[in-house]
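What's in work_14.txt: compact mmCIF, C-alpha atoms and all ligand atoms
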```txt
# COMPACT_ATOMS: atom_id res chain seq x y z
CA GLU A 186 221.85 166.37 113.79
CA TYR A 187 221.82 162.66 112.99
CA GLY A 188 221.12 163.53 109.38
CA LEU A 189 224.39 165.45 109.09
CA GLU A 190 226.64 162.55 110.01
CA LYS A 191 228.73 161.05 107.29
CA PRO A 192 226.80 158.01 106.11
CA GLN A 193 228.28 154.63 106.88
CA GLY A 194 230.07 152.79 104.15
CA TYR A 195 232.56 153.45 101.45
CA SER A 196 232.88 156.14 98.86
CA VAL A 197 232.70 154.30 95.54
CA SER A 198 233.50 155.61 92.07
CA PHE A 199 232.60 154.09 88.70
CA HIS A 200 234.96 154.81 85.80
CA TYR A 201 233.53 154.09 82.40
CA ASN A 202 233.77 155.50 78.90
CA PRO A 203 230.88 154.07 76.85
CA HIS A 204 232.82 154.35 73.56
CA VAL A 205 234.65 151.17 74.57
CA GLU A 206 231.44 149.17 73.91
CA TYR A 207 231.44 149.73 70.17
CA HIS A 208 234.58 147.75 69.38
CA HIS A 209 234.44 144.28 67.83
CA PHE A 210 237.16 141.63 67.87
CA GLY A 211 235.35 139.74 65.06
CA SER A 212 232.04 137.94 64.88
CA SER A 213 232.96 134.61 66.49
CA HIS A 214 235.72 135.90 68.79
CA PRO A 215 234.82 135.13 72.43
CA MET A 216 235.82 138.60 73.75
CA LYS A 217 232.77 140.83 73.38
CA PRO A 218 233.06 144.45 74.58
CA TRP A 219 229.27 144.52 74.24
CA ARG A 220 229.08 142.71 77.61
CA LEU A 221 229.98 146.12 79.07
CA THR A 222 226.78 147.59 77.60
CA LEU A 223 224.77 144.87 79.34
CA THR A 224 226.64 145.49 82.60
CA LYS A 225 225.99 149.23 82.45
CA GLU A 226 222.30 148.70 81.69
CA LEU A 227 221.87 146.43 84.73
CA VAL A 228 223.75 148.86 86.99
CA LEU A 229 221.47 151.70 85.80
CA ALA A 230 218.28 149.61 86.01
CA TYR A 231 218.95 148.94 89.70
CA GLY A 232 219.63 152.64 90.31
CA LEU A 233 223.20 152.02 91.46
CA GLU A 234 224.36 155.19 89.68
CA TYR A 235 222.87 157.21 92.57
CA THR A 236 225.11 155.45 95.09
CA MET A 237 228.45 156.17 93.39
CA ASP A 238 230.45 158.96 91.76
CA LEU A 239 230.42 158.48 87.99
CA TYR A 240 233.38 159.39 85.79
CA GLU A 241 233.73 159.32 82.01
CA PRO A 242 237.53 159.11 81.67
CA ARG A 243 239.44 160.38 78.66
CA PRO A 244 241.51 157.88 76.67
CA ALA A 245 245.07 157.32 77.97
CA SER A 246 247.81 159.00 75.91
CA PHE A 247 250.73 157.32 74.14
CA GLU A 248 253.03 158.74 76.85
CA GLU A 249 250.88 157.30 79.63
CA LEU A 250 250.99 153.84 78.04
CA ALA A 251 254.77 154.17 77.50
CA VAL A 252 255.28 154.14 81.29
CA PHE A 253 255.10 150.35 80.91
CA HIS A 254 255.04 149.45 77.21
CA ASP A 255 257.86 149.71 74.64
CA ARG A 256 257.50 152.67 72.31
CA GLU A 257 258.10 150.52 69.19
CA TYR A 258 255.27 148.24 70.22
CA LEU A 259 252.93 151.16 70.97
CA SER A 260 253.80 152.83 67.73
CA PHE A 261 252.88 149.64 65.84
CA LEU A 262 249.67 149.30 67.88
CA SER A 263 248.71 152.91 67.18
CA LYS A 264 249.13 152.57 63.41
CA VAL A 265 248.01 149.06 62.51
CA THR A 266 244.57 148.69 60.88
CA PRO A 267 242.80 145.75 59.19
CA GLN A 268 243.60 147.51 55.87
CA ASN A 269 247.34 148.04 56.33
CA ALA A 270 248.13 144.92 58.41
CA LYS A 271 250.68 142.52 56.86
CA PRO A 272 250.08 139.19 58.63
CA ASP A 273 253.34 137.73 57.26
CA ASP A 274 255.42 140.67 58.54
CA PRO A 275 257.72 139.17 61.24
CA CYS A 276 257.04 142.27 63.35
CA TYR A 277 253.33 141.42 63.33
CA LEU A 278 253.84 137.94 64.79
CA ALA A 279 256.58 139.08 67.18
CA PHE A 280 254.17 141.61 68.69
CA GLY A 281 251.66 138.80 69.30
CA PHE A 282 249.20 139.46 66.47
CA GLY A 283 247.53 136.92 64.25
CA GLY A 284 249.00 133.44 64.45
CA GLU A 285 247.09 130.20 64.39
CA SER A 286 244.65 130.95 67.21
CA ASN A 287 244.15 134.66 66.31
CA ASP A 288 243.59 135.45 69.97
CA CYS A 289 244.68 139.04 69.29
CA PRO A 290 243.20 140.17 65.97
CA VAL A 291 243.73 143.61 64.45
CA PHE A 292 240.31 145.30 64.35
CA ASP A 293 238.96 148.77 63.56
CA GLY A 294 239.57 151.24 66.37
CA LEU A 295 242.05 148.98 68.19
CA TRP A 296 244.17 151.92 69.44
CA ASN A 297 241.06 153.76 70.60
CA TYR A 298 239.87 150.63 72.42
CA VAL A 299 243.13 150.09 74.34
CA SER A 300 243.42 153.81 75.20
CA LEU A 301 239.86 153.86 76.54
CA TYR A 302 240.11 150.90 78.90
CA SER A 303 243.56 151.97 80.06
CA GLY A 304 242.43 155.56 80.59
CA ALA A 305 239.65 154.26 82.83
CA SER A 306 242.07 152.24 85.00
CA LEU A 307 244.42 155.23 85.33
CA ASN A 308 241.51 157.52 86.21
CA ALA A 309 240.35 155.00 88.84
CA ALA A 310 243.86 154.76 90.31
CA SER A 311 244.15 158.55 90.54
CA ASN A 312 240.86 158.71 92.44
CA LEU A 313 242.34 156.35 95.02
CA LEU A 314 245.58 158.36 95.14
CA ASN A 315 243.85 161.67 95.82
CA LYS A 316 241.46 159.96 98.27
CA GLN A 317 238.35 160.89 96.32
CA SER A 318 237.29 157.22 96.54
CA ASP A 319 237.77 154.25 98.85
CA ILE A 320 236.81 151.86 96.05
CA ALA A 321 237.24 152.69 92.35
CA ILE A 322 235.69 150.43 89.71
CA ASN A 323 236.62 149.92 86.02
CA TRP A 324 234.78 146.97 84.49
CA SER A 325 236.31 147.66 81.05
CA GLY A 326 239.87 146.93 82.25
CA GLY A 327 241.67 143.95 83.74
CA LEU A 328 243.60 142.84 80.64
CA HIS A 329 246.19 140.87 82.58
CA HIS A 330 248.08 138.95 79.82
CA ALA A 331 249.60 141.88 77.89
CA LYS A 332 253.42 142.12 78.08
CA LYS A 333 255.51 145.23 77.57
CA ASN A 334 256.05 144.44 73.89
CA VAL A 335 253.65 141.57 73.12
CA ALA A 336 249.86 141.24 72.87
CA SER A 337 248.59 137.99 74.38
CA GLY A 338 245.27 136.29 75.18
CA PHE A 339 242.90 139.08 74.00
CA CYS A 340 245.05 141.68 75.85
CA TYR A 341 247.04 144.40 74.02
CA VAL A 342 247.84 146.93 76.73
CA ASN A 343 248.19 145.98 80.39
CA ASP A 344 246.02 148.54 82.17
CA ILE A 345 246.55 146.72 85.47
CA VAL A 346 250.33 147.20 85.37
CA LEU A 347 249.84 150.88 84.49
CA ALA A 348 247.41 151.39 87.38
CA ILE A 349 249.69 149.60 89.85
CA GLN A 350 252.64 151.73 88.68
CA ALA A 351 250.52 154.81 89.44
CA LEU A 352 249.58 153.46 92.89
CA LEU A 353 253.25 152.78 93.65
CA THR A 354 253.97 156.54 93.58
CA GLN A 355 252.27 156.78 96.98
CA ASN A 356 252.07 153.21 98.28
CA GLN A 357 254.95 151.16 99.63
CA ARG A 358 253.19 147.82 99.01
CA VAL A 359 250.44 147.01 96.52
CA LEU A 360 248.68 143.64 96.55
CA TYR A 361 247.33 142.31 93.24
CA ILE A 362 244.63 139.61 93.43
CA ASP A 363 243.30 137.89 90.29
CA ILE A 364 240.19 135.66 90.26
CA ASP A 365 239.93 135.39 86.46
CA VAL A 366 239.96 131.67 85.46
CA HIS A 367 243.27 132.34 83.65
CA HIS A 368 246.68 132.97 85.25
CA GLY A 369 247.53 136.68 85.62
CA ASP A 370 250.91 136.13 83.96
CA GLY A 371 251.48 139.62 82.51
CA VAL A 372 251.08 141.38 85.84
CA GLU A 373 253.23 138.79 87.61
CA ALA A 374 256.01 139.18 85.01
CA ALA A 375 255.93 143.00 85.08
CA PHE A 376 256.61 143.12 88.83
CA ALA A 377 258.77 140.01 89.13
CA SER A 378 261.79 141.98 90.35
CA THR A 379 260.22 144.12 93.05
CA ASP A 380 259.04 143.41 96.59
CA ARG A 381 256.65 146.39 96.39
CA VAL A 382 254.01 144.38 94.52
CA PHE A 383 252.74 140.97 95.58
CA THR A 384 250.76 139.06 92.94
CA LEU A 385 248.22 136.38 93.86
CA SER A 386 246.33 134.52 91.10
CA TYR A 387 243.68 131.83 91.35
CA HIS A 388 243.18 129.95 88.06
CA LYS A 389 242.53 126.75 86.19
CA PHE A 390 245.83 124.93 85.61
CA GLY A 391 246.36 121.66 83.81
CA ILE A 392 246.59 119.78 80.55
CA ASP A 393 243.48 118.72 78.61
CA ARG A 394 242.85 115.33 77.01
CA HIS A 395 244.35 116.50 73.71
CA GLY A 396 247.59 117.42 75.47
CA TYR A 397 247.06 121.21 75.39
CA PRO A 398 247.73 123.17 78.56
CA PHE A 399 244.98 125.52 79.73
CA PHE A 400 245.99 129.04 78.66
CA PRO A 401 248.57 130.48 79.34
CA GLY A 402 250.07 127.27 80.76
CA THR A 403 251.89 128.94 83.67
CA GLY A 404 250.97 129.45 87.33
CA ASN A 405 251.70 126.20 89.11
CA ILE A 406 251.94 126.23 92.91
CA ASN A 407 255.76 126.15 92.83
CA GLU A 408 255.99 129.36 90.73
CA MET A 409 256.70 132.04 93.32
CA GLY A 410 258.59 134.57 91.25
CA PRO A 411 262.38 134.72 90.90
CA THR A 412 264.45 132.15 92.77
CA ASP A 413 267.67 134.17 93.00
CA PRO A 414 267.99 135.27 96.66
CA ALA A 415 269.52 138.56 95.47
CA ASN A 416 266.31 139.39 93.60
CA ARG A 417 263.96 141.49 95.74
CA GLY A 418 260.96 139.95 93.98
CA LYS A 419 261.74 136.47 95.29
CA GLY A 420 258.67 134.90 96.89
CA HIS A 421 256.42 137.84 95.95
CA SER A 422 254.08 135.86 93.70
CA LEU A 423 251.66 133.18 94.78
CA ASN A 424 249.80 130.97 92.33
CA ILE A 425 246.82 128.78 93.17
CA PRO A 426 246.33 126.15 90.43
CA ILE A 427 242.81 124.73 90.45
CA ASP A 428 241.26 121.85 88.52
CA ASP A 429 237.93 121.72 86.60
CA GLY A 430 234.57 122.04 88.31
CA ILE A 431 235.43 123.73 91.62
CA ASP A 432 232.24 124.59 93.54
CA ASP A 433 231.15 127.58 95.64
CA ASP A 434 232.07 126.29 99.08
CA GLN A 435 235.47 124.99 98.00
CA TYR A 436 236.38 128.21 96.18
CA LYS A 437 235.20 130.46 99.02
CA TRP A 438 237.19 128.46 101.56
CA LEU A 439 240.30 128.43 99.35
CA PHE A 440 240.06 132.16 98.57
CA LYS A 441 239.39 133.17 102.16
CA THR A 442 242.13 131.08 103.71
CA VAL A 443 244.88 132.02 101.28
CA THR A 444 243.91 135.68 100.73
CA ASN A 445 243.61 136.35 104.48
CA ALA A 446 247.06 134.92 105.04
CA VAL A 447 248.57 137.02 102.24
CA ILE A 448 246.95 140.27 103.40
CA GLU A 449 248.00 139.70 106.98
CA LYS A 450 251.61 138.85 106.07
CA TYR A 451 252.19 141.37 103.29
CA ASN A 452 250.11 144.19 104.82
CA PRO A 453 249.48 146.12 101.60
CA THR A 454 248.51 149.80 101.65
CA ALA A 455 246.42 149.37 98.47
CA ILE A 456 244.77 146.41 96.75
CA VAL A 457 244.01 145.82 93.06
CA LEU A 458 241.42 143.10 92.44
CA GLN A 459 240.94 141.66 88.94
CA SER A 460 237.45 140.14 88.93
CA GLY A 461 237.41 138.16 85.67
CA ALA A 462 233.94 136.62 85.30
CA ASP A 463 235.15 133.59 83.31
CA SER A 464 235.48 131.72 86.62
CA LEU A 465 231.66 131.45 86.73
CA GLY A 466 229.76 128.27 85.98
CA GLY A 467 228.61 128.11 82.36
CA ASP A 468 231.33 130.41 80.99
CA ARG A 469 232.14 129.76 77.31
CA LEU A 470 235.89 129.42 78.04
CA GLY A 471 236.00 128.70 81.77
CA ARG A 472 235.93 125.38 83.63
CA PHE A 473 234.68 126.27 87.09
CA ASN A 474 231.18 125.87 88.56
CA LEU A 475 230.89 129.08 90.58
CA ASN A 476 227.68 130.99 91.22
CA ILE A 477 227.51 134.78 91.14
CA LYS A 478 227.37 135.19 94.91
CA ALA A 479 230.41 132.96 95.47
CA HIS A 480 232.36 135.09 92.98
CA GLY A 481 231.07 138.22 94.74
CA PHE A 482 232.12 136.80 98.10
CA CYS A 483 235.73 137.41 97.06
CA ILE A 484 235.00 141.12 96.52
CA GLU A 485 233.15 141.33 99.84
CA MET A 486 236.03 139.73 101.68
CA VAL A 487 238.69 141.97 100.16
CA LYS A 488 236.51 145.06 100.72
CA SER A 489 236.19 144.19 104.42
CA TYR A 490 239.88 145.04 104.95
CA GLY A 491 239.04 148.68 104.27
CA ARG A 492 242.17 149.39 102.21
CA PRO A 493 242.04 151.52 99.06
CA LEU A 494 240.67 149.15 96.44
CA LEU A 495 240.84 149.22 92.64
CA LEU A 496 238.28 146.77 91.26
CA ILE A 497 238.66 145.86 87.60
CA GLY A 498 237.06 143.45 85.12
CA GLY A 499 238.88 140.95 82.91
CA GLY A 500 237.64 137.82 81.17
CA GLY A 501 234.03 136.68 81.01
CA TYR A 502 232.59 135.03 77.90
CA THR A 503 228.91 134.48 78.62
CA PRO A 504 227.86 138.15 78.44
CA ARG A 505 224.56 137.93 80.35
CA ASN A 506 226.33 136.37 83.34
CA VAL A 507 229.27 138.77 83.15
CA ALA A 508 226.74 141.62 83.42
CA ARG A 509 224.91 139.95 86.32
CA THR A 510 228.15 139.36 88.23
CA TRP A 511 229.63 142.82 87.76
CA CYS A 512 226.30 144.44 88.63
CA HIS A 513 226.13 142.35 91.81
CA GLU A 514 229.73 143.25 92.67
CA THR A 515 229.06 146.95 92.11
CA ALA A 516 226.23 146.57 94.64
CA VAL A 517 228.55 144.75 97.05
CA CYS A 518 230.94 147.75 96.90
CA VAL A 519 228.24 150.30 97.75
CA GLY A 520 226.64 147.97 100.31
CA ALA A 521 223.31 147.49 98.50
CA GLU A 522 221.21 144.35 98.26
CA LEU A 523 219.54 143.76 94.91
CA HIS A 524 216.18 142.16 94.21
CA ASP A 525 216.48 138.82 92.41
CA VAL A 526 213.74 139.70 89.91
CA LEU A 527 215.29 141.99 87.30
CA PRO A 528 213.74 145.48 87.02
CA ALA A 529 211.14 145.62 84.24
CA HIS A 530 212.62 148.41 82.15
CA ILE A 531 215.99 147.08 81.07
CA PRO A 532 217.12 147.62 77.49
CA TYR A 533 218.18 144.22 76.09
CA ILE A 534 215.99 142.46 78.70
CA GLN A 535 215.67 139.54 76.22
CA ALA A 536 219.35 138.75 76.88
CA PHE A 537 218.36 137.75 80.43
CA GLN A 538 215.03 136.08 79.71
CA GLY A 539 214.02 132.54 78.88
CA GLU A 540 215.10 129.31 80.55
CA GLU A 541 218.49 129.17 78.80
CA ASN A 542 219.31 132.84 79.58
CA GLY A 543 218.66 132.71 83.31
CA GLY A 544 214.87 133.25 83.49
CA GLY A 545 214.76 137.03 84.02
CA ILE A 546 216.46 136.90 87.40
CA LEU A 547 219.74 138.32 88.71
CA TYR A 548 220.98 135.19 90.47
CA PRO A 549 220.19 132.12 88.34
CA ASP A 550 221.80 128.87 89.43
CA LEU A 551 224.98 128.56 87.37
CA HIS A 552 226.30 125.50 89.12
CA ASN A 553 226.87 122.76 86.54
CA THR A 554 225.33 124.72 83.66
CA LYS A 555 228.20 123.33 81.59
CA ARG A 556 228.58 120.17 83.65
CA HIS A 557 232.29 120.25 84.36
CA ASP A 558 232.82 117.35 86.72
CA ASN A 559 234.44 118.51 89.94
CA LEU A 560 238.00 117.15 89.88
CA ASN A 561 238.97 118.98 93.09
CA SER A 562 238.82 116.61 96.06
CA GLY A 563 238.82 118.01 99.58
CA GLU A 564 242.10 116.26 100.15
CA LYS A 565 243.77 117.91 97.11
CA LEU A 566 242.55 121.35 98.15
CA HIS A 567 243.81 120.95 101.71
CA LYS A 568 247.23 120.00 100.38
CA LEU A 569 247.13 123.01 98.06
CA VAL A 570 246.32 125.42 100.90
CA GLN A 571 249.04 123.90 103.03
CA GLU A 572 251.59 124.40 100.24
CA ALA A 573 250.38 127.94 99.59
CA LEU A 574 250.80 128.88 103.25
CA GLU A 575 254.26 127.32 103.25
CA ASN A 576 255.19 129.42 100.21
CA LEU A 577 254.34 132.54 102.20
CA ARG A 578 257.16 131.84 104.61
CA TYR A 579 259.55 133.32 102.03
CA LEU A 580 258.00 136.67 102.89
CA GLU A 581 259.48 136.64 106.36
CA GLY A 582 262.99 137.11 105.07
N1 LIG A 601 246.46 126.66 69.78
N2 LIG A 601 237.93 133.15 67.13
C1 LIG A 601 241.88 134.66 78.07
C2 LIG A 601 242.65 134.37 76.79
C3 LIG A 601 242.55 132.92 76.36
C4 LIG A 601 246.11 129.74 72.61
C5 LIG A 601 247.21 128.83 70.53
C6 LIG A 601 246.82 125.41 69.25
C7 LIG A 601 240.41 130.95 72.65
C8 LIG A 601 239.63 131.23 71.46
C9 LIG A 601 239.80 133.53 68.54
C10 LIG A 601 237.20 133.53 65.95
C11 LIG A 601 241.50 136.48 79.84
C12 LIG A 601 244.95 129.78 73.61
C13 LIG A 601 247.62 127.50 70.03
C14 LIG A 601 246.25 125.22 67.88
C15 LIG A 601 245.22 127.80 71.52
C16 LIG A 601 242.03 130.94 74.09
C17 LIG A 601 239.07 133.80 67.41
C18 LIG A 601 237.75 130.82 70.04
C19 LIG A 601 238.18 131.82 69.15
O1 LIG A 601 236.41 131.57 67.68
C20 LIG A 601 237.44 132.15 67.94
C21 LIG A 601 237.76 132.85 64.72
C22 LIG A 601 239.36 132.51 69.43
C23 LIG A 601 240.07 132.22 70.59
C24 LIG A 601 238.48 130.53 71.18
N3 LIG A 601 241.67 131.36 72.87
C25 LIG A 601 240.01 130.24 73.76
N4 LIG A 601 241.06 130.26 74.64
C26 LIG A 601 243.33 131.23 74.72
C27 LIG A 601 243.44 132.65 75.21
C28 LIG A 601 241.90 136.13 78.40
O2 LIG A 601 240.19 136.04 80.11
O3 LIG A 601 242.33 135.85 80.78
C29 LIG A 601 241.61 137.98 80.10
C30 LIG A 601 240.78 138.85 79.25
N5 LIG A 601 244.40 130.98 73.79
O4 LIG A 601 244.59 128.81 74.23
C31 LIG A 601 246.36 128.70 71.74
C32 LIG A 601 247.17 128.85 72.91
C33 LIG A 601 245.67 126.46 70.96
CA CA A 602 243.46 134.28 87.83
ZN ZN A 603 240.33 134.77 81.65
```
Would you write the structure of this file as structure tokens?
Amino acid sequence: EYGLEKPQGYSVSFHYNPHVEYHHFGSSHPMKPWRLTLTKELVLAYGLEYTMDLYEPRPASFEELAVFHDREYLSFLSKVTPQNAKPDDPCYLAFGFGGESNDCPVFDGLWNYVSLYSGASLNAASNLLNKQSDIAINWSGGLHHAKKNVASGFCYVNDIVLAIQALLTQNQRVLYIDIDVHHGDGVEAAFASTDRVFTLSYHKFGIDRHGYPFFPGTGNINEMGPTDPANRGKGHSLNIPIDDGIDDDQYKWLFKTVTNAVIEKYNPTAIVLQSGADSLGGDRLGRFNLNIKAHGFCIEMVKSYGRPLLLIGGGGYTPRNVARTWCHETAVCVGAELHDVLPAHIPYIQAFQGEENGGGILYPDLHNTKRHDNLNSGEKLHKLVQEALENLRYLEG
């Protein structure tokens, strides 16, 4: 009769439509959907597909995206192609396309791409709503900068906002946590006027030696949402600005202390965790010095609260390490430990081999692979935590 007992652990679902992989932002653009191919191949090579329910979600419809986004914006997004785009059209710039940095290029299949990653987040959210899963994963989502009528920072449609809106149909309070190295500004802005969503973002914040702020330039410790006492959203955002080079122990301590306090005070009935992998050491755009297991510690800690959890991707610009991290975090969700030596039969194994690619192992040392000096003193971090905990007092009323 022992064999008939429900096995320990969580029911985990993996929501992924492989068509998302085939989209290209342009040859030298840092966002590479191909990192999702690498992630999937690692997950399969370790046999993790046998420990989860797999879903191949359909693309989201125009109407589903219109729950958050403006119809005019969506209609532009659904029609624009590299052939018909008019980069000097004021509408084009107003919607966040082109511009000097070309963060958000128009590429072939753009509408298909946004519908696919958004469909996966909505499918994951519905699995949590109908209690088919305790943890639902979508590594193709997590595009936290998109606004209701503007594309921003590689993000065109905000799948996180859409998924949270879905969760709000049956949850009084949803907590959003964001460990991408960039500030989760789009999600924060979307729910600025409600007390039913609390947003918590950890990110690099500061100005570089050329005078440019680290993107998007918002998310200082004093930004806690609206200040008007009549606004229900007042005090329902918490931002943790971090300087270059933070290490594993510092980040784990910071994350644990602040996140615990938020969960205990806000008492959410569902949690959405954006696990951007650009906070790892050696990321092409990031500035932190985190190892894979320190990043994964955040997932472990949030999982331990046992609340319905939507786990989504986000940034991550060194594809081999994005794949390693999201494979490790998939294993954390199902409660599996993975062997450090990568399985022999992985397609694209060359991407993980050789000294500079992490030597064929799952957990290479990423600390200081880009040598960002650690500008976070213990003293500064203690002050930061103290201020963060003080900010939470607004929650009491
Ligand atoms: N200029 N190509 C993170 C989003 C980060 C914006 C605009 C002043 C890049 C980057 C694009 C190929 C997430 C900014 C004003 C002149 C920057 C950013 C195209 C390289 C390339 O080689 C590139 C030609 C491109 C973009 C680098 N952009 C690096 N950082 C950020 C956006 C998204 O991870 O949070 C979630 C997915 N943009 O800094 C300017 C502000 C400076
Ligand atoms: Ca963040
Ligand atoms: Zn990022």
Legend entry - Distance criterion (all atoms listed in the file): nearest to ligand ZN 603 (chain A) out of A:Gly544, A:Pro528, A:Pro453, A:Pro401: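 Between A:Gly544, A:Pro528, A:Pro453, A:Pro401, the residue approaching ligand ZN 603 (chain A) most closely is A:Pro401.
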Inset, instruction - Can you work out which one of A:Pro203, A:Trp324, A:Val197, A:Pro218 has the shortest atom-to-atom distance to Tyr235 of chain A, counting only C-alpha atoms? - result: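 Comparing A:Pro203, A:Trp324, A:Val197, A:Pro218 against Tyr235 of chain A, the winner is A:Val197.
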Inset, instruction - Produce as a ChimeraX atom specification the set of residues near ligand LIG 601 (chain A), where near means within 9 Å with all atoms listed in the file considered. - result: /A:210-216,284-290,326-330,337-340,365-369,397-402,461-463,469-471,498-502
Inset, instruction - Write out as a ChimeraX atom specification each polymer residue whose atoms come within 7 Å of segment 557-573 of chain A, counting all atoms listed in the file; drop sequence neighbours fewer than 4 positions from it. - result: /A:428-431,439,443,472,553,577
Show me as a CSV table (one decimal) with C-alpha atoms, in the coordinates of the input the residues that reach within 8 Å of (241.0, 134.3, 91.5), counting all atoms listed in the file and using the file's own coordinates.
```
chain,number,residue,atom,x,y,z
A,362,ILE,CA,244.6,139.6,93.4
A,363,ASP,CA,243.3,137.9,90.3
A,364,ILE,CA,240.2,135.7,90.3
A,365,ASP,CA,239.9,135.4,86.5
A,366,VAL,CA,240.0,131.7,85.5
A,385,LEU,CA,248.2,136.4,93.9
A,386,SER,CA,246.3,134.5,91.1
A,387,TYR,CA,243.7,131.8,91.4
A,388,HIS,CA,243.2,130.0,88.1
A,440,PHE,CA,240.1,132.2,98.6
A,459,GLN,CA,240.9,141.7,88.9
A,460,SER,CA,237.4,140.1,88.9
A,461,GLY,CA,237.4,138.2,85.7
A,464,SER,CA,235.5,131.7,86.6
```
Residues of segment 214-287 of chain A that approach segment 304-321 of chain A to 7 Å or less, counting all atoms listed in the file: could you list each one with the shortest pair of atoms and its distance in Å to one decimal, rows by chain and increasing residue number, as CSV?
```
residue,atom,partner,partner_atom,distance
A:Pro242,CA,A:Ala305,CA,5.4
A:Arg243,CA,A:Gly304,CA,6.0
A:Pro244,CA,A:Gly304,CA,4.6
A:Ala245,CA,A:Gly304,CA,4.1
```
